[in-house]
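Dumped final24.tsv below, it's TSV, C-alpha atoms:
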chain	number	residue	atom	x	y	z
A	1	MET	CA	-14.97	4.23	24.53
A	2	ASN	CA	-15.70	3.87	20.84
A	3	THR	CA	-12.63	4.23	18.70
A	4	ALA	CA	-12.32	5.01	14.99
A	5	ILE	CA	-11.41	1.35	14.46
A	6	ASP	CA	-14.74	0.32	16.02
A	7	GLU	CA	-16.53	2.59	13.55
A	8	LEU	CA	-14.64	1.19	10.55
A	9	VAL	CA	-15.20	-2.42	11.66
A	10	GLY	CA	-18.91	-1.60	11.92
A	11	ASN	CA	-18.80	-0.34	8.33
A	12	ALA	CA	-17.16	-3.63	7.32
A	13	VAL	CA	-20.19	-5.54	8.62
A	14	ALA	CA	-22.37	-3.47	6.28
A	15	HIS	CA	-19.95	-4.19	3.41
A	16	GLU	CA	-20.19	-7.92	4.05
A	17	ALA	CA	-23.96	-7.75	3.52
A	18	ASP	CA	-23.25	-6.04	0.19
A	19	PHE	CA	-20.25	-8.24	-0.75
A	20	GLU	CA	-19.43	-8.10	-4.46
A	21	GLY	CA	-18.73	-11.85	-4.63
A	22	PRO	CA	-15.52	-13.85	-4.80
A	23	ARG	CA	-12.89	-13.09	-7.44
A	24	ALA	CA	-9.81	-14.98	-8.64
A	25	VAL	CA	-6.43	-14.32	-7.01
A	26	ILE	CA	-4.78	-13.40	-10.34
A	27	PRO	CA	-5.49	-9.71	-11.06
A	28	ALA	CA	-7.66	-9.58	-14.18
A	29	LYS	CA	-5.95	-6.47	-15.63
A	30	HIS	CA	-2.45	-7.81	-14.86
A	31	VAL	CA	-1.41	-4.42	-13.48
A	32	ALA	CA	0.29	-3.40	-10.22
A	33	ILE	CA	-0.17	0.17	-8.98
A	34	VAL	CA	2.35	1.72	-6.59
A	35	THR	CA	1.20	4.89	-4.86
A	36	CYS	CA	1.25	6.88	-1.63
A	37	MET	CA	-0.66	6.03	1.57
A	38	ASP	CA	-2.35	9.47	1.29
A	39	SER	CA	-5.99	9.33	2.38
A	40	ARG	CA	-7.22	11.16	-0.71
A	41	ILE	CA	-6.07	8.48	-3.16
A	42	ASP	CA	-8.89	5.98	-3.72
A	43	SER	CA	-7.07	3.92	-6.32
A	44	PHE	CA	-10.08	1.74	-7.18
A	45	ARG	CA	-12.22	4.81	-7.82
A	46	ILE	CA	-9.55	6.81	-9.67
A	47	PHE	CA	-8.67	3.99	-12.07
A	48	GLY	CA	-12.20	2.58	-12.39
A	49	LEU	CA	-11.19	-0.76	-10.88
A	50	ASP	CA	-13.44	-3.54	-9.69
A	51	SER	CA	-12.48	-6.11	-7.08
A	52	GLY	CA	-9.98	-8.60	-8.52
A	53	GLU	CA	-8.40	-6.40	-11.19
A	54	ALA	CA	-5.10	-4.90	-9.99
A	55	HIS	CA	-2.55	-5.13	-7.20
A	56	ILE	CA	-2.28	-2.00	-5.07
A	57	LEU	CA	0.99	-1.19	-3.26
A	58	ARG	CA	1.12	1.86	-1.01
A	59	ASN	CA	3.59	3.46	1.40
A	60	ALA	CA	4.56	6.94	2.55
A	61	GLY	CA	5.37	8.82	-0.66
A	62	GLY	CA	4.70	5.99	-3.09
A	63	LEU	CA	8.48	5.45	-3.09
A	64	VAL	CA	10.01	2.42	-4.79
A	65	THR	CA	11.58	0.93	-1.66
A	66	ASP	CA	13.06	-2.56	-1.23
A	67	ASP	CA	9.68	-3.63	0.14
A	68	VAL	CA	7.93	-2.42	-3.00
A	69	LEU	CA	10.43	-4.30	-5.17
A	70	ARG	CA	9.89	-7.47	-3.09
A	71	SER	CA	6.14	-7.05	-3.57
A	72	LEU	CA	6.42	-6.40	-7.32
A	73	VAL	CA	8.53	-9.55	-7.80
A	74	LEU	CA	5.79	-11.58	-6.08
A	75	SER	CA	3.12	-9.74	-8.08
A	76	GLN	CA	4.78	-10.60	-11.39
A	77	ARG	CA	6.21	-14.05	-10.65
A	78	LEU	CA	3.46	-15.62	-8.53
A	79	LEU	CA	0.42	-13.64	-9.64
A	80	GLN	CA	0.99	-12.79	-13.29
A	81	THR	CA	0.97	-8.99	-13.42
A	82	ARG	CA	3.06	-7.47	-16.19
A	83	GLU	CA	2.53	-3.70	-16.13
A	84	VAL	CA	3.39	-1.18	-13.40
A	85	ILE	CA	1.86	2.22	-12.61
A	86	LEU	CA	3.94	4.44	-10.28
A	87	MET	CA	1.90	7.38	-9.00
A	88	HIS	CA	3.02	10.20	-6.72
A	89	HIS	CA	0.72	13.09	-5.81
A	90	THR	CA	0.64	16.80	-5.09
A	91	ASN	CA	0.56	18.04	-1.46
A	92	CYS	CA	2.45	14.93	-0.28
A	93	GLY	CA	3.69	14.97	3.31
A	94	LEU	CA	7.15	13.90	2.14
A	95	HIS	CA	7.43	16.62	-0.51
A	96	GLY	CA	9.78	19.18	1.01
A	97	ALA	CA	9.56	17.56	4.46
A	98	ASP	CA	12.22	18.65	6.95
A	99	GLU	CA	13.78	15.27	7.66
A	100	PRO	CA	16.50	16.53	10.05
A	101	ALA	CA	13.82	18.23	12.18
A	102	LEU	CA	11.74	15.04	12.25
A	103	ARG	CA	14.76	12.98	13.28
A	104	ALA	CA	15.57	15.46	16.04
A	105	GLU	CA	11.98	15.31	17.32
A	106	ILE	CA	12.07	11.52	17.41
A	107	ALA	CA	15.47	11.47	19.12
A	108	ALA	CA	14.12	13.83	21.78
A	109	ASP	CA	11.17	11.47	22.42
A	110	ALA	CA	12.76	8.04	22.00
A	111	GLY	CA	16.39	8.65	22.93
A	112	HIS	CA	17.68	8.04	19.40
A	113	ALA	CA	16.62	8.53	15.79
A	114	PRO	CA	15.53	5.62	13.55
A	115	PRO	CA	18.15	3.65	11.60
A	116	TYR	CA	16.22	4.33	8.36
A	117	ALA	CA	15.74	7.43	6.18
A	118	PHE	CA	12.23	8.79	5.64
A	119	GLY	CA	12.61	9.59	1.94
A	120	ALA	CA	11.71	13.27	1.79
A	121	PHE	CA	12.07	14.71	-1.71
A	122	GLU	CA	12.15	18.17	-3.29
A	123	ASP	CA	11.12	17.69	-6.93
A	124	ILE	CA	8.06	15.54	-7.57
A	125	ASP	CA	8.72	14.87	-11.26
A	126	ALA	CA	12.31	13.88	-10.47
A	127	ALA	CA	10.99	11.56	-7.73
A	128	VAL	CA	8.65	9.85	-10.21
A	129	ARG	CA	11.46	9.46	-12.75
A	130	SER	CA	13.69	7.98	-10.08
A	131	ALA	CA	10.91	5.52	-9.16
A	132	ILE	CA	10.59	4.42	-12.81
A	133	ALA	CA	14.35	3.99	-13.09
A	134	ARG	CA	14.51	1.90	-9.93
A	135	VAL	CA	11.82	-0.54	-11.12
A	136	ARG	CA	13.39	-0.81	-14.57
A	137	ALA	CA	16.78	-1.61	-13.03
A	138	HIS	CA	15.55	-4.38	-10.70
A	139	PRO	CA	17.00	-7.59	-12.15
A	140	TYR	CA	14.51	-9.98	-10.52
A	141	LEU	CA	11.46	-8.53	-12.26
A	142	PRO	CA	10.59	-10.38	-15.46
A	143	HIS	CA	8.46	-7.53	-16.92
A	144	ARG	CA	10.02	-4.06	-17.06
A	145	ASP	CA	8.91	-2.72	-20.43
A	146	ARG	CA	5.55	-1.29	-19.33
A	147	VAL	CA	6.45	0.84	-16.32
A	148	ARG	CA	4.93	4.32	-16.37
A	149	GLY	CA	4.89	7.21	-13.91
A	150	PHE	CA	2.16	9.69	-12.97
A	151	VAL	CA	1.29	12.51	-10.58
A	152	TYR	CA	-2.20	12.63	-9.05
A	153	GLU	CA	-3.39	16.18	-8.38
A	154	VAL	CA	-5.35	15.98	-5.13
A	155	GLU	CA	-6.78	19.46	-5.78
A	156	THR	CA	-8.51	18.50	-9.05
A	157	GLY	CA	-8.44	14.71	-9.48
A	158	HIS	CA	-6.26	15.06	-12.58
A	159	VAL	CA	-3.74	12.30	-13.36
A	160	ARG	CA	-0.70	13.63	-15.23
A	161	GLU	CA	1.90	11.37	-16.83
A	162	VAL	CA	5.59	12.01	-16.15
A	163	THR	CA	7.64	10.98	-19.13
A	164	LEU	CA	11.33	10.18	-19.21
A	165	PRO	CA	13.72	12.44	-21.14
A	166	VAL	CA	14.18	11.06	-24.66
B	1	MET	CA	-1.05	-1.38	-29.00
B	2	ASN	CA	-3.38	-0.49	-26.16
B	3	THR	CA	-2.10	-1.60	-22.80
B	4	ALA	CA	-3.97	-2.12	-19.52
B	5	ILE	CA	-2.33	1.09	-18.29
B	6	ASP	CA	-3.89	3.00	-21.21
B	7	GLU	CA	-7.30	1.66	-20.19
B	8	LEU	CA	-6.83	2.63	-16.52
B	9	VAL	CA	-5.58	6.11	-17.45
B	10	GLY	CA	-8.69	6.49	-19.61
B	11	ASN	CA	-10.81	5.60	-16.58
B	12	ALA	CA	-8.93	8.26	-14.59
B	13	VAL	CA	-10.12	10.93	-17.06
B	14	ALA	CA	-13.70	9.87	-16.32
B	15	HIS	CA	-12.95	10.02	-12.57
B	16	GLU	CA	-11.64	13.56	-12.92
B	17	ALA	CA	-15.00	14.66	-14.37
B	18	ASP	CA	-16.64	13.12	-11.28
B	19	PHE	CA	-13.99	14.33	-8.79
B	20	GLU	CA	-15.24	14.26	-5.20
B	21	GLY	CA	-13.56	17.59	-4.37
B	22	PRO	CA	-10.42	18.46	-2.43
B	23	ARG	CA	-9.89	17.14	1.11
B	24	ALA	CA	-7.41	18.05	3.86
B	25	VAL	CA	-4.09	16.21	4.08
B	26	ILE	CA	-4.74	15.10	7.69
B	27	PRO	CA	-6.84	11.88	7.63
B	28	ALA	CA	-10.20	12.76	9.21
B	29	LYS	CA	-10.55	9.41	11.04
B	30	HIS	CA	-6.92	9.49	12.25
B	31	VAL	CA	-6.49	5.83	11.29
B	32	ALA	CA	-3.81	4.03	9.25
B	33	ILE	CA	-4.71	0.70	7.62
B	34	VAL	CA	-1.97	-1.78	6.70
B	35	THR	CA	-3.04	-4.55	4.35
B	36	CYS	CA	-2.03	-6.73	1.41
B	37	MET	CA	-1.68	-5.61	-2.22
B	38	ASP	CA	-4.28	-8.29	-3.14
B	39	SER	CA	-6.61	-7.09	-5.90
B	40	ARG	CA	-9.74	-8.14	-4.00
B	41	ILE	CA	-9.19	-5.77	-1.08
B	42	ASP	CA	-10.92	-2.45	-1.80
B	43	SER	CA	-10.11	-0.87	1.54
B	44	PHE	CA	-12.26	2.23	0.96
B	45	ARG	CA	-15.28	0.08	0.17
B	46	ILE	CA	-14.70	-2.50	2.92
B	47	PHE	CA	-14.30	0.09	5.67
B	48	GLY	CA	-16.84	2.58	4.30
B	49	LEU	CA	-14.21	5.26	3.82
B	50	ASP	CA	-14.52	8.52	1.93
B	51	SER	CA	-11.63	10.39	0.38
B	52	GLY	CA	-9.55	12.07	3.09
B	53	GLU	CA	-10.32	9.75	5.99
B	54	ALA	CA	-7.54	7.14	6.48
B	55	HIS	CA	-4.01	6.31	5.38
B	56	ILE	CA	-3.74	3.07	3.39
B	57	LEU	CA	-0.46	1.10	3.41
B	58	ARG	CA	-0.19	-2.01	1.27
B	59	ASN	CA	2.48	-4.53	0.29
B	60	ALA	CA	2.70	-8.23	-0.52
B	61	GLY	CA	1.15	-9.97	2.47
B	62	GLY	CA	0.31	-6.88	4.50
B	63	LEU	CA	3.51	-7.58	6.43
B	64	VAL	CA	4.87	-5.06	8.94
B	65	THR	CA	8.17	-4.43	7.16
B	66	ASP	CA	10.69	-1.67	7.85
B	67	ASP	CA	9.00	0.30	5.07
B	68	VAL	CA	5.63	0.02	6.79
B	69	LEU	CA	7.17	1.17	10.07
B	70	ARG	CA	8.79	4.15	8.29
B	71	SER	CA	5.39	4.99	6.79
B	72	LEU	CA	3.54	4.63	10.11
B	73	VAL	CA	6.00	6.95	11.84
B	74	LEU	CA	5.31	9.61	9.18
B	75	SER	CA	1.57	8.91	9.40
B	76	GLN	CA	1.52	9.50	13.15
B	77	ARG	CA	4.15	12.22	13.53
B	78	LEU	CA	3.51	14.38	10.48
B	79	LEU	CA	-0.13	13.60	9.72
B	80	GLN	CA	-1.77	12.94	13.08
B	81	THR	CA	-3.07	9.37	12.84
B	82	ARG	CA	-3.27	7.53	16.15
B	83	GLU	CA	-4.88	4.12	15.49
B	84	VAL	CA	-3.63	1.23	13.33
B	85	ILE	CA	-5.56	-1.57	11.59
B	86	LEU	CA	-3.42	-4.52	10.43
B	87	MET	CA	-5.36	-6.75	8.04
B	88	HIS	CA	-4.22	-9.99	6.39
B	89	HIS	CA	-6.55	-12.05	4.20
B	90	THR	CA	-7.44	-15.61	3.19
B	91	ASN	CA	-6.08	-17.07	-0.07
B	92	CYS	CA	-2.98	-14.85	0.14
B	93	GLY	CA	-0.18	-15.59	-2.34
B	94	LEU	CA	2.35	-15.59	0.51
B	95	HIS	CA	0.37	-18.02	2.67
B	96	GLY	CA	2.20	-21.32	2.32
B	97	ALA	CA	4.28	-20.03	-0.62
B	98	ASP	CA	7.33	-22.12	-1.51
B	99	GLU	CA	10.02	-19.50	-1.05
B	100	PRO	CA	13.01	-21.78	-1.84
B	101	ALA	CA	11.37	-22.72	-5.17
B	102	LEU	CA	10.75	-19.06	-5.99
B	103	ARG	CA	14.37	-18.17	-5.18
B	104	ALA	CA	15.61	-21.02	-7.37
B	105	GLU	CA	13.41	-19.84	-10.26
B	106	ILE	CA	14.75	-16.29	-9.96
B	107	ALA	CA	18.35	-17.49	-9.71
B	108	ALA	CA	17.84	-19.53	-12.90
B	109	ASP	CA	16.54	-16.39	-14.70
B	110	ALA	CA	18.71	-13.63	-13.24
B	111	GLY	CA	21.90	-15.47	-12.28
B	112	HIS	CA	21.37	-14.98	-8.53
B	113	ALA	CA	18.56	-14.80	-5.99
B	114	PRO	CA	17.46	-11.49	-4.37
B	115	PRO	CA	19.22	-10.29	-1.21
B	116	TYR	CA	15.83	-10.04	0.55
B	117	ALA	CA	13.37	-12.61	1.92
B	118	PHE	CA	9.84	-12.71	0.50
B	119	GLY	CA	8.02	-13.25	3.80
B	120	ALA	CA	6.05	-16.44	3.15
B	121	PHE	CA	4.11	-17.60	6.21
B	122	GLU	CA	2.27	-20.75	7.29
B	123	ASP	CA	-0.22	-19.62	9.95
B	124	ILE	CA	-2.32	-16.56	9.16
B	125	ASP	CA	-3.42	-15.81	12.74
B	126	ALA	CA	0.17	-16.11	13.94
B	127	ALA	CA	1.23	-13.74	11.14
B	128	VAL	CA	-1.34	-11.16	12.26
B	129	ARG	CA	-0.21	-11.46	15.89
B	130	SER	CA	3.38	-11.01	14.83
B	131	ALA	CA	2.39	-7.88	12.87
B	132	ILE	CA	0.66	-6.42	15.93
B	133	ALA	CA	3.69	-7.20	18.11
B	134	ARG	CA	6.07	-5.56	15.66
B	135	VAL	CA	4.10	-2.28	15.56
B	136	ARG	CA	3.71	-2.22	19.34
B	137	ALA	CA	7.47	-2.70	19.78
B	138	HIS	CA	8.54	0.09	17.41
B	139	PRO	CA	9.99	2.78	19.67
B	140	TYR	CA	9.59	5.70	17.23
B	141	LEU	CA	5.79	5.46	17.06
B	142	PRO	CA	4.09	7.78	19.54
B	143	HIS	CA	0.73	5.91	19.49
B	144	ARG	CA	0.80	2.16	20.07
B	145	ASP	CA	-2.22	1.53	22.29
B	146	ARG	CA	-4.83	1.16	19.54
B	147	VAL	CA	-3.28	-1.40	17.21
B	148	ARG	CA	-5.65	-4.20	16.17
B	149	GLY	CA	-5.36	-7.12	13.78
B	150	PHE	CA	-7.89	-8.67	11.37
B	151	VAL	CA	-8.30	-11.27	8.64
B	152	TYR	CA	-10.37	-10.40	5.56
B	153	GLU	CA	-12.11	-13.42	4.07
B	154	VAL	CA	-12.01	-12.90	0.30
B	155	GLU	CA	-14.58	-15.66	-0.17
B	156	THR	CA	-17.31	-13.91	1.86
B	157	GLY	CA	-16.26	-10.32	2.60
B	158	HIS	CA	-16.18	-11.07	6.33
B	159	VAL	CA	-13.67	-9.21	8.52
B	160	ARG	CA	-12.59	-11.27	11.55
B	161	GLU	CA	-10.57	-9.82	14.43
B	162	VAL	CA	-7.46	-11.67	15.63
B	163	THR	CA	-6.99	-11.10	19.32
B	164	LEU	CA	-3.81	-11.51	21.29
B	165	PRO	CA	-3.54	-14.23	23.96
B	166	VAL	CA	-4.49	-12.75	27.34

Please go through the file and, once you have read it, give me the structure as C-alpha cells.
Amino acid sequence: MNTAIDELVGNAVAHEADFEGPRAVIPAKHVAIVTCMDSRIDSFRIFGLDSGEAHILRNAGGLVTDDVLRSLVLSQRLLQTREVILMHHTNCGLHGADEPALRAEIAADAGHAPPYAFGAFEDIDAAVRSAIARVRAHPYLPHRDRVRGFVYEVETGHVREVTLPV
Amino acid sequence: MNTAIDELVGNAVAHEADFEGPRAVIPAKHVAIVTCMDSRIDSFRIFGLDSGEAHILRNAGGLVTDDVLRSLVLSQRLLQTREVILMHHTNCGLHGADEPALRAEIAADAGHAPPYAFGAFEDIDAAVRSAIARVRAHPYLPHRDRVRGFVYEVETGHVREVTLPV
C-alpha cells in the first residue's frame, strides 16, 4: 500500500534534482521564528525566506515551552541568531480546546492521562504576550531585546503584530 | 534602526497580496513531520507540500522531546494525522556539540547552567532510530504504525531513510 509518507518521499526526490545548493549553517538573517505546527503556515513563503536564512521552531500552538527555550539558547549561542519572532495564528487547534475532555478521552484509551499539560488557551493576544514575556525572562539567552510577537490570520494571510502594554 | 524582523514583516505584506487562499485546519495528507530548526530545511519545498497538507514540528536537532510528543498527540487526536516523518540532517549544530563547554559558558554568563540538557548526539543514524523508538513507545498516540526516520543531506538535498534493525 502506498502511504502519504511514500508520496512525500517521492516529492523529495524531485526536490533533490532541483536542489537550491548548499548554504552555511549560520542563519544569514540571524533570526529565529517560533510558530505553530499548523499546516497552513509556510514560514519560508510568508516571510520571504530563502534556504539558510532563519531558524524555524514549531510545536502545537507555537507555545514557548522548555523545549523552545532550549532550542533558542542553542540558536543564539551556537548559531548566532539575535532576534526572535513569536507567531501564533487564528483558528488554532489549541485556542479554546477542551483539555479536560481530551485528557478523559486519552485516559479511556490508554488507561491514564499524560503527565503533561496540552497548553490550551482562551485569548490569543494574551498568549502571544505571555510567549514574549517568557522569552524575555529566560536568563540563558544572551539576546532578549528584539523579541516580537505576531498573529497570522489563516483566513487572509495577514500578519498582525501584538504589542506589549506600555 | 531597521532590524531583520522589520525586513521579514515587510516580506509578509507582499505574501499577503499573493495569499494562496484559506485551507482547512485538518492536514490534507494526514502527516506530521518532525525536523530540526536548521535554516536550510524548507520542509514545504523538500516534500512538495502545499498550504494545508501536513503538520510541521521543529526544534533544535529534530529531537523527540516531551514537547514534540505533546504536539503529536494533539496532531493525531484533534487534527487527524496518522503518519509521522522524523527527519534529522547532516551538519547539525547538535551533532558532536560540546555540551559541557556550552554549559560552562552559560554558567560564566548567567551565574548557573540551565536545568535542562541540550541533547547533543554523536551518531546521527542512532539518533534517528532513538527518535522512532520514542514515538512508537508513547502510549497516548493512537497511530504508531507509520513512523519513519530520515536524514536530510544539506550538502546535496538528498533524503535518506534510516531503517530499524530487523

Q.
Between CA of Pro115 in chain B and CA of Asp67 in chain A, what distance in Å does the model show, to one decimal?
A.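 CA of Pro115 in chain B sits 11.7 Å away from CA of Asp67 in chain A.
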
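CA of Ile106 in chain B sits 14.6 Å away from CA of Gln80 in chain A.
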
Q: Using only C-alpha atoms, determine which residues lie at most 10 Å from range 116-129 of chain B, disregarding the query and same-chain residues fewer than 4 positions distant; provide the list as an MDAnalysis selection string.
A: (chainID A and resid 66:67 69:71 73:74) or (chainID B and resid 60:65 86:100 102:103 133:134 148:151 161:165)

Q | Distance-based interface of chain A with chain B, 6 Å, counting all atoms listed in the file, as a list in words | A | Leu8, Asn11, Ala12, His15, Glu16, Phe19, Pro22, Pro27, Met37, Asp38, Ser39, Arg40, Ile46, Phe47, Gly48, Ser51, Gly52, Glu53, Ala54, His55, Ile56, Leu57, Arg58, Asn59, Ala60, Ser71, Glu155, Gly157 and His158 of chain A

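Note that CA of Val166 in chain A and CA of Gln76 in chain A are 27.1 Å apart.
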